[in-house]
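Q: Structure in structure tokens, see below.
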Amino acid sequence: MNPLRPLILAAAESPRLKRALTGIPITADIVRRFVAGETRAELIEVAQALLDSGRMVSVDFLGENTTDRSQADATVAEYLSLINDLAALNRSALPGIDAPPVEVSVKLSALGQALPDDGPATATENLRILCTKAAQADVWVTVDAEDHTTTDATLATVRELRGEFPWLGAVLQAYLRRTEADCRELSGPGSRIRLCKGAYREPHDVAFQRAYEVTESYLRCLDALMLGDGYPMVATHDPEPIADAEDRAAESDRGPDRFEYQMLYGVRDAEQSRLAGEGRAVRVYVPYGSQWYGYLTRRLAERPANLTFFLRALVSKS
């Protein structure tokens with residue numbers, strides 16, 4: 001595992017470093033590689049370009065750990081407007097792929113999960129509002145994963161709302177020791193699971209720490225999803241899991257309409273285009289908004305190449 005990862009994740013939790021980095025004018029240029037912009041108008045321009053390239057999109061309005069009800073309400077309002085704007089995009093169906101080209105990703109902590117007065121219930125009701133709107137607009141919704149302390153509450157909400165919205169997606173993180181079992185439980189008919197490696201700083205007793213352990217867990221979880229009855233969403237940039245997903249899909253008689261690849265905006269764009277050009281379903285995770293600091297630091301921690309890019313840009317601009 002990248003030896004700088006613990007330091008970078010610690011930086012993600014440092015208000016002092018956040019103030020320092022967000023106050024540097026050149027930081028904005030670097031952020032734009034990984035974040036579509038701070039406004040919905042900027043996001044929509046990026047999303048349309050990706051759709052025109054034969055890729056699909058999953059849009060995240062950045063924000064998390066909301067402890068103010070008015071802020072949670074504002075997040076719901078932004079997502080409702082976002083769903084309207086995404087529904088209005090030119091989003092022609094991709095040949096051989098039935099999945100809706102547009103999706104929103106949402107963190108339950110942004111919808112009020114951490115509010116002091118029954119936060120999980122508030123987040124569940126807010127998510128229900130978004131899903132109702134999304135169903136009318138033919139837009140998918142996937143619930144993002146956060147740190148392990150929220151996993152039980154998040155999955156409880158997903159289970160509850162799947163009765164009304166069976167297409168509701170959930171994100172599982174392969175570095176958590178529990179995730180293989182969660183994959184088996186949640187991969188039933190009609191389910192959608194986005195499998196990623198994981199991006200938070202977690203203790204050893206709940207998460208694998210070594211890179212090879214995380215990769216091995218990812219492949220076991222991928223097996224469980226491919227053998228299940230749901231729709232796996234393979235969220236990775238690593239060549240081994242990408243190739244393995246293709247092999248496992250063939251072994252389980254899955255055509256390109258029964259699973260998809262997902263990658264981050266600004267990471268391995270050429271590989272995204274290659275897969276899409278070969279007729280694979282590729283969805284790009286596109287974040288926007290002013291609350292980009294935590295997201296960016298987690299992206300830097302995930303991939304040393306991202307950190308190298310960031311540091312090179314700082315040096316070249318200084």
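Going by the structure tokens order, chains are called A, B, ..., each with residues numbered from 1, while ligands are numbered from 1 in the order shown.
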Contacts of Tyr285 (chain A) at 7 Å or less, counting only C-alpha atoms, minus same-chain residues fewer than 3 places along, as a VMD selection string?
A: chain A and resid 57 to 59 262 to 265
Q: For CA of Ala145 (chain A) and CA of Val35 (chain A), determine how far apart the two atoms are, in Å to one decimal place.
A: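 We find that CA of Ala145 (chain A) and CA of Val35 (chain A) lie 18.6 Å from each other.
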Q: Among region 98-172 of chain A, which residues carry a DSSP assignment of helix (DSSP H, G or I), reported as a ChimeraX atom specification?
A: /A:108-111,119-137,148-162
Q: Write out as a ChimeraX atom specification which residues come within 9 Å of region 149-158 of chain A when counting only C-alpha atoms, dropping same-chain ones fewer than 2 positions away.
A: /A:107-109,113,120-121,123-124,127,143-147,160-162,168-170,172
Q: To one decimal place in Å, what is the distance between CA of Glu213 (chain A) and CA of Ala249 (chain A)?
A: 22.4 Å
Q: Skip region 74-89 of chain A itself and residues of its chain fewer than 6 positions away, then list as a VMD selection string all residues within 9 Å of it, counting only C-alpha atoms.
A: chain A and resid 40 44 47 to 48 51 59 to 61 63 102 to 104 106 110 to 111 126 to 127 129 to 130 133 to 134 137 to 139
Q: Could you give me, as a compact mmCIF listing (two decimals) with C-alpha atoms, in the first residue's frame, each residue of region 128-170 of chain A that DSSP assigns to strand (DSSP E or B) when run on this structure's backbone?
A:
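What ended up in result_27.txt:
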# COMPACT_ATOMS: atom_id res chain seq x y z
CA TRP A 140 -30.65 5.93 -11.28
CA VAL A 141 -29.63 6.61 -7.66
CA THR A 142 -26.72 4.95 -5.87
CA VAL A 143 -25.96 5.41 -2.17
CA GLY A 169 -27.79 1.02 -5.87
CA ALA A 170 -25.36 0.69 -2.98
